[in-house]
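Colleague: Structure below; questions to follow.
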Amino acid sequence: MIALLSRFFLREGMSEESRRGAYGVLCGVAGIILNILLFAGKFFAGLLSNSVAITADAFNNLSDAGSSVVTLAGFRLAGQKPDAEHPYGHGRMEYIAGLVVSGVILLMAFELLKESVGKIITPEETICSPLVVAILIVSILGKCYMASYNFRIGRQIDSAALKATGTDSLSDCVSTGVVLMATLVSHFTGLHIDGYCGVAVAVLICIAGIKAAKETLDPLLGQPPEQEYLDRIERFVADFDQQILGIHDLMVHDYGPGRKVISLHAEVPAEGDILLLHDMIDNAEKALAKELGCSATIHMDPVVTDDPEVDRLREVTQQVLKQLDPELSMHDFRVVTGPTHTNLIFDIVLPFGYWLEEKEVRSRIRQAIAQELGERYFVVIQVDRLMVQR
C-alpha cells in the first residue's frame, strides 16, 4: 500500500524538505485509511462477541485514525516557510503533533482502563466465533505492517511524530494479541478474563503513550545533541584548514527536523592576515552548512602563536589544569602584562555534571598558578560547561 501511494506523493527531483513532507503526508493518509478499516472490523467483532476488550480496542483504532489526522496536519504545518512571526520556520509543529498523538494514546488508555474495571466488577458472557478470531488476527497483521512502515520511514527522515505513531502501532499489536488470547481462553475454559485482559491492554497502551510523549517532548524542551553529531562537526571544521587551531563553545539549536542552527568558535593565528582568515572562516561556514544541511555561524578567535613567553605560560597553565584534574581543558588563552602584575586570561571547560562548584574550581586554579609562577601572576577565568555528557 505504501509503495502504491508513494507514486502519487513522491516525485523525481523533489527537494529534501519537500520529500520529507511528502513522506509525512503519505504515512498520515495510510494511517487514516487503515485505522478506519480496523475500527470498523473490530467494532463489528465486539458487537458479535459482546466483548468490552474488543470494542475498546476498536475505539483505540479510531483514536489512531484521529492521531494520523494530527500527524498529517503536523507535517503540513511544519513544512510552511519561515515568516515574520516565526523566522526559524515551523519545524517544531511536527514535535507538537507527536505530543498530541501521545496525549490521545494516554486518553484511550484511561478510557479502556475504566471500562475494563467495570467489566471485572460485573462480568458478562463473551461469544467467540471464527469470524471474530479472523478479524482480530487480520487486525494484528495490519498493525504490524503499520508499525513497520512508520518505524522505517520515521528513521529514514528522522521524524519523532512517525516514530511515536510506530510505537503506538506496535503497542496495538500487543494489546490486540491480549484481546485475542482473552477471547480464546473465555471460549475454551469459561473463565471471564475479558476485564482483566482489558486492564492489561490499558497498561500496555499507557506505557507506549508515556514513551512516545518523552520522545516528542524532549526536543521541544531542548535535549542535548547526540555526541556523534558534535564529533562530526568538530572533525569537519578542524580538518577544513590547517590554520584552524582549535574549536570550542559549540552550540546546536534544534528548531525542528532539518532546521538546526550551529554556532562555534574557531581559534586562528593572531599574526595571520585578518582578511584571508576571515575569508577562510566564511568558506568553512558555507561548507559546514552544506555538509549538515543546517545554518552555521563560526566566530573567529585570534590566539598568539609566535610569542615564546606566551607559549611558556600557556604550557604551564595546561600542566596545572592537568594536575588538578585531567578532565579540565582550556581555550582562548591570553596574556596581559602590566608594570605590577600579569593577567593570565582564559576559559576552562567543565565536564557535564562536574563535582565541584565553579567558585571552588576557580579558587583551586588560582592557588596552583600562584604556587607555580609566583604571586605576580593573576588568573581571570571564564567557566564553560559541556552540552552533553561524554
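By order of appearance in the C-alpha cells: chains A, B, ..., then residues from 1 within every chain, and ligands from 1 in the order shown.
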Which residues are near Glu358 of chain A? Cut-off 8 Å, only C-alpha atoms, ignore same chain within fewer than 3 positions. Put them as a list of chain:residue names.
Modeller: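 The filter keeps A:Val361, A:Arg362, A:Val383.
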Colleague: Next, the residues of the selection above should be written as a compact mmCIF listing (two decimals), in the first residue's frame with N, CA and C atoms.
Modeller:
# COMPACT_ATOMS: atom_id res chain seq x y z
N VAL A 361 36.41 25.71 41.75
CA VAL A 361 37.35 25.40 40.65
C VAL A 361 38.26 26.60 40.41
N ARG A 362 37.68 27.78 40.34
CA ARG A 362 38.50 28.99 40.13
C ARG A 362 39.52 29.17 41.25
N VAL A 383 34.20 30.28 32.96
CA VAL A 383 33.86 28.86 33.02
C VAL A 383 32.80 28.52 31.98
Colleague: Counting only C-alpha atoms, what are the residues of segment 85-162 of chain A within 9 Å of segment 256-279 of chain A, and for each of them which pair of atoms is the nearest and at what distance in Å, to one decimal? Sort the table by chain and rising number, as JSON lines.
Modeller:
{"residue": "A:Tyr88", "atom": "CA", "partner": "A:Arg259", "partner_atom": "CA", "distance": 7.5}
{"residue": "A:Gly89", "atom": "CA", "partner": "A:Arg259", "partner_atom": "CA", "distance": 7.8}
{"residue": "A:His90", "atom": "CA", "partner": "A:Gly256", "partner_atom": "CA", "distance": 7.3}
{"residue": "A:Gly91", "atom": "CA", "partner": "A:Gly256", "partner_atom": "CA", "distance": 4.0}
{"residue": "A:Arg92", "atom": "CA", "partner": "A:Gly256", "partner_atom": "CA", "distance": 4.5}
{"residue": "A:Met93", "atom": "CA", "partner": "A:Gly256", "partner_atom": "CA", "distance": 7.7}
{"residue": "A:Glu94", "atom": "CA", "partner": "A:Gly256", "partner_atom": "CA", "distance": 7.3}
{"residue": "A:Tyr95", "atom": "CA", "partner": "A:Gly256", "partner_atom": "CA", "distance": 7.5}
{"residue": "A:Ile157", "atom": "CA", "partner": "A:Pro257", "partner_atom": "CA", "distance": 8.3}
{"residue": "A:Asp158", "atom": "CA", "partner": "A:Pro257", "partner_atom": "CA", "distance": 7.0}
{"residue": "A:Ser159", "atom": "CA", "partner": "A:Pro257", "partner_atom": "CA", "distance": 7.1}
{"residue": "A:Ala160", "atom": "CA", "partner": "A:Pro257", "partner_atom": "CA", "distance": 8.8}
Colleague: Would you mind reading off the distance between atom CA of Thr297 of chain A and atom CA of Glu285 of chain A, one decimal, in Å?
Modeller: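 Interatomic distance, atom CA of Thr297 of chain A to atom CA of Glu285 of chain A: 6.0 Å.
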Colleague: Have a look at A:Cys173, A:Leu288, A:Ile348, A:Cys144 and name the one nearest to His248 of chain A; count only C-alpha atoms.
Modeller: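 Smallest separation from His248 of chain A among the options: A:Ile348.
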Colleague: Would you work out the distance separating atom CA of Gly66 of chain A from atom CA of Leu106 of chain A, expressed in Å to one decimal?
Modeller: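 Between these atoms lies a distance of 13.6 Å.
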Colleague: Measuring atom to atom with only C-alpha atoms, identify which of A:Val203, A:Ile54, A:Leu292, A:Leu217 is nearest to Ala97 of chain A.
Modeller: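 Closest to Ala97 of chain A, using only C-alpha atoms: A:Leu217.
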Colleague: Any idea what's packed within 10 Å of segment 336-338 of chain A, counting only C-alpha atoms, ignoring anything in its chain fewer than 5 positions away? Could you give it as a list in words?
Modeller: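 The contact residues come out as Val310, Asn343, Leu344, Ile345, Arg376, Tyr377 and Phe378 of chain A.
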Colleague: Would you mind listing what lies within 12 Å of Gln367 of chain A as a VMD selection string, with only C-alpha atoms counted and same-chain residues fewer than 2 positions away left out?
Modeller: chain A and resid 317 320 to 321 324 360 to 365 369 to 375 377 to 379
Colleague: Mind checking which residues fall within 6 Å of Ala58 of chain A, counting only C-alpha atoms, ignoring those fewer than 3 positions away in the same chain, and posting them as a list in words?
Modeller: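 In the requested form, the answer reads Phe39, Lys42, Phe43, Thr55 and Asn61 of chain A.
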Colleague: Within 12 Å of Ile233 of chain A, counting only C-alpha atoms, which residues show up once you throw out same-chain ones fewer than 4 positions away? Write them as a ChimeraX atom specification, please.
Modeller: /A:225-229,237-240,247-248,250-252,262-266,284-285,287-294,296,298
Colleague: Emit the selected residues as a PDB file, in the first residue's frame, including C-alpha atoms.
Modeller:
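Final file, selection-v1.pdb:
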ATOM      1  CA  PRO A 225      22.517  16.856  20.569  1.00  0.00           C
ATOM      2  CA  GLU A 226      23.977  13.396  20.095  1.00  0.00           C
ATOM      3  CA  GLN A 227      27.694  13.128  20.802  1.00  0.00           C
ATOM      4  CA  GLU A 228      28.259  11.613  17.363  1.00  0.00           C
ATOM      5  CA  TYR A 229      26.745  14.730  15.760  1.00  0.00           C
ATOM      6  CA  VAL A 237      35.777  22.181  10.981  1.00  0.00           C
ATOM      7  CA  ALA A 238      39.153  21.091  12.398  1.00  0.00           C
ATOM      8  CA  ASP A 239      40.068  19.361   9.112  1.00  0.00           C
ATOM      9  CA  PHE A 240      38.822  22.186   6.905  1.00  0.00           C
ATOM     10  CA  ILE A 247      37.348  24.627  18.366  1.00  0.00           C
ATOM     11  CA  HIS A 248      35.218  25.475  21.380  1.00  0.00           C
ATOM     12  CA  LEU A 250      29.980  24.621  20.105  1.00  0.00           C
ATOM     13  CA  MET A 251      26.198  25.148  20.301  1.00  0.00           C
ATOM     14  CA  VAL A 252      23.401  23.341  18.422  1.00  0.00           C
ATOM     15  CA  ILE A 262      25.002  25.688  14.731  1.00  0.00           C
ATOM     16  CA  SER A 263      27.450  28.180  16.214  1.00  0.00           C
ATOM     17  CA  LEU A 264      31.051  27.649  17.354  1.00  0.00           C
ATOM     18  CA  HIS A 265      34.332  29.448  17.982  1.00  0.00           C
ATOM     19  CA  ALA A 266      37.425  28.612  15.936  1.00  0.00           C
ATOM     20  CA  ALA A 284      34.158  26.923   6.439  1.00  0.00           C
ATOM     21  CA  GLU A 285      30.694  28.180   7.414  1.00  0.00           C
ATOM     22  CA  ALA A 287      30.891  24.103   3.712  1.00  0.00           C
ATOM     23  CA  LEU A 288      29.573  23.084   7.141  1.00  0.00           C
ATOM     24  CA  ALA A 289      26.068  24.295   6.278  1.00  0.00           C
ATOM     25  CA  LYS A 290      26.122  22.288   3.048  1.00  0.00           C
ATOM     26  CA  GLU A 291      27.557  19.182   4.740  1.00  0.00           C
ATOM     27  CA  LEU A 292      24.955  19.019   7.526  1.00  0.00           C
ATOM     28  CA  GLY A 293      22.021  20.861   5.950  1.00  0.00           C
ATOM     29  CA  CYS A 294      21.984  23.482   8.683  1.00  0.00           C
ATOM     30  CA  ALA A 296      26.188  27.648  10.607  1.00  0.00           C
ATOM     31  CA  ILE A 298      31.694  30.413  13.147  1.00  0.00           C
TER      32      ILE A 298
END
Colleague: So, counting only C-alpha atoms, which residue among A:Gly353, A:Gly118, A:Pro302, A:Pro87 is closest to Val199 of chain A?
Modeller: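 Between A:Gly353, A:Gly118, A:Pro302, A:Pro87, the residue approaching Val199 of chain A most closely is A:Gly118.
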Colleague: DSSP on the backbone: which residues in segment 115-326 of chain A end up as strand (DSSP E or B)? Give the answer as a list in words.
Modeller: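 Filtering segment 115-326 of chain A down to strand (DSSP E or B) leaves Gly246, Ile247, His248, Asp249, Leu250, Met251, Val252, His253, Asp254, Lys260, Val261, Ile262, Ser263, Leu264, His265, Ala266, Glu267, Val268, Pro269, Ser295, Ala296, Thr297, Ile298, His299, Met300, Asp301, Pro302 and Val303 of chain A.
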Colleague: Could you pull out all residues of segment 29-101 of chain A with a DSSP call of helix (DSSP H, G or I) and give them as a PyMOL selection string?
Modeller: chain A and resi 29-49+52-78+93-101
Colleague: Please measure the separation of atom CA of Met300 of chain A and atom CA of Phe236 of chain A, giving the value in Å to one decimal.
Modeller: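 Those two atoms sit 16.0 Å apart.
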Colleague: Fewer than 4 positions away in the same chain doesn't count, so skip those; otherwise give me all residues within 12 Å of Ile36 of chain A, counting only C-alpha atoms, as a list of chain:residue names.
Modeller: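 Contacts, in chain order: A:Val29, A:Ala30, A:Gly31, A:Ile32, A:Ala40, A:Gly41, A:Lys42, A:Phe43, A:Ala58, A:Phe59, A:Asn60, A:Asn61, A:Leu62, A:Ser63, A:Asp64, A:Ala65, A:Gly66, A:Ser67, A:Ser68, A:Val69, A:Ser139, A:Gly142.
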Colleague: With N, CA and C atoms retained, export the selected residues as a PDB file, in the first residue's frame.
Modeller:
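Below is the file that was written, result.pdb:
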ATOM      1  N   VAL A  29      -2.024   9.676   5.546  1.00  0.00           N
ATOM      2  CA  VAL A  29      -3.159   9.192   4.758  1.00  0.00           C
ATOM      3  C   VAL A  29      -3.318   7.684   4.920  1.00  0.00           C
ATOM      4  N   ALA A  30      -2.196   6.956   4.839  1.00  0.00           N
ATOM      5  CA  ALA A  30      -2.258   5.498   5.011  1.00  0.00           C
ATOM      6  C   ALA A  30      -2.777   5.131   6.396  1.00  0.00           C
ATOM      7  N   GLY A  31      -2.351   5.871   7.415  1.00  0.00           N
ATOM      8  CA  GLY A  31      -2.804   5.592   8.777  1.00  0.00           C
ATOM      9  C   GLY A  31      -4.294   5.823   8.937  1.00  0.00           C
ATOM     10  N   ILE A  32      -4.801   6.883   8.328  1.00  0.00           N
ATOM     11  CA  ILE A  32      -6.238   7.170   8.415  1.00  0.00           C
ATOM     12  C   ILE A  32      -7.053   6.044   7.777  1.00  0.00           C
ATOM     13  N   ALA A  40     -13.718  -0.414  11.979  1.00  0.00           N
ATOM     14  CA  ALA A  40     -14.989  -0.991  11.526  1.00  0.00           C
ATOM     15  C   ALA A  40     -15.016  -2.495  11.761  1.00  0.00           C
ATOM     16  N   GLY A  41     -13.918  -3.172  11.433  1.00  0.00           N
ATOM     17  CA  GLY A  41     -13.871  -4.617  11.618  1.00  0.00           C
ATOM     18  C   GLY A  41     -13.946  -5.020  13.077  1.00  0.00           C
ATOM     19  N   LYS A  42     -13.183  -4.361  13.939  1.00  0.00           N
ATOM     20  CA  LYS A  42     -13.159  -4.755  15.359  1.00  0.00           C
ATOM     21  C   LYS A  42     -14.421  -4.314  16.097  1.00  0.00           C
ATOM     22  N   PHE A  43     -15.016  -3.197  15.681  1.00  0.00           N
ATOM     23  CA  PHE A  43     -16.275  -2.787  16.305  1.00  0.00           C
ATOM     24  C   PHE A  43     -17.369  -3.810  15.998  1.00  0.00           C
ATOM     25  N   ALA A  58     -11.285  -1.488  19.428  1.00  0.00           N
ATOM     26  CA  ALA A  58     -11.766  -0.879  18.188  1.00  0.00           C
ATOM     27  C   ALA A  58     -11.718   0.640  18.274  1.00  0.00           C
ATOM     28  N   PHE A  59     -12.181   1.181  19.403  1.00  0.00           N
ATOM     29  CA  PHE A  59     -12.154   2.637  19.556  1.00  0.00           C
ATOM     30  C   PHE A  59     -10.717   3.153  19.692  1.00  0.00           C
ATOM     31  N   ASN A  60      -9.823   2.292  20.151  1.00  0.00           N
ATOM     32  CA  ASN A  60      -8.404   2.655  20.159  1.00  0.00           C
ATOM     33  C   ASN A  60      -7.924   2.883  18.726  1.00  0.00           C
ATOM     34  N   ASN A  61      -8.380   2.027  17.790  1.00  0.00           N
ATOM     35  CA  ASN A  61      -8.033   2.218  16.382  1.00  0.00           C
ATOM     36  C   ASN A  61      -8.660   3.485  15.806  1.00  0.00           C
ATOM     37  N   LEU A  62      -9.861   3.826  16.268  1.00  0.00           N
ATOM     38  CA  LEU A  62     -10.491   5.056  15.810  1.00  0.00           C
ATOM     39  C   LEU A  62      -9.695   6.271  16.286  1.00  0.00           C
ATOM     40  N   SER A  63      -9.204   6.202  17.530  1.00  0.00           N
ATOM     41  CA  SER A  63      -8.359   7.295  18.027  1.00  0.00           C
ATOM     42  C   SER A  63      -7.056   7.360  17.248  1.00  0.00           C
ATOM     43  N   ASP A  64      -6.558   6.191  16.802  1.00  0.00           N
ATOM     44  CA  ASP A  64      -5.340   6.173  15.986  1.00  0.00           C
ATOM     45  C   ASP A  64      -5.575   6.879  14.654  1.00  0.00           C
ATOM     46  N   ALA A  65      -6.789   6.723  14.094  1.00  0.00           N
ATOM     47  CA  ALA A  65      -7.115   7.441  12.860  1.00  0.00           C
ATOM     48  C   ALA A  65      -7.074   8.948  13.106  1.00  0.00           C
ATOM     49  N   GLY A  66      -7.611   9.352  14.270  1.00  0.00           N
ATOM     50  CA  GLY A  66      -7.535  10.768  14.639  1.00  0.00           C
ATOM     51  C   GLY A  66      -6.098  11.223  14.821  1.00  0.00           C
ATOM     52  N   SER A  67      -5.269  10.339  15.396  1.00  0.00           N
ATOM     53  CA  SER A  67      -3.852  10.664  15.570  1.00  0.00           C
ATOM     54  C   SER A  67      -3.164  10.835  14.223  1.00  0.00           C
ATOM     55  N   SER A  68      -3.562  10.012  13.246  1.00  0.00           N
ATOM     56  CA  SER A  68      -2.983  10.140  11.904  1.00  0.00           C
ATOM     57  C   SER A  68      -3.376  11.467  11.271  1.00  0.00           C
ATOM     58  N   VAL A  69      -4.595  11.939  11.561  1.00  0.00           N
ATOM     59  CA  VAL A  69      -5.018  13.250  11.076  1.00  0.00           C
ATOM     60  C   VAL A  69      -4.123  14.336  11.691  1.00  0.00           C
ATOM     61  N   SER A 139      -6.341  -7.829  12.197  1.00  0.00           N
ATOM     62  CA  SER A 139      -6.007  -6.566  12.859  1.00  0.00           C
ATOM     63  C   SER A 139      -4.570  -6.562  13.342  1.00  0.00           C
ATOM     64  N   GLY A 142      -2.321  -6.208  10.373  1.00  0.00           N
ATOM     65  CA  GLY A 142      -2.396  -4.848   9.854  1.00  0.00           C
ATOM     66  C   GLY A 142      -1.595  -3.877  10.700  1.00  0.00           C
TER      67      GLY A 142
END
Colleague: Which residue out of A:Ile127, A:Leu34, A:Val70, A:Leu162 has the minimum interatomic distance to Ala212 of chain A when only C-alpha atoms are used?
Modeller: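 Going through A:Ile127, A:Leu34, A:Val70, A:Leu162 one by one, the smallest distance to Ala212 of chain A is for A:Leu162.
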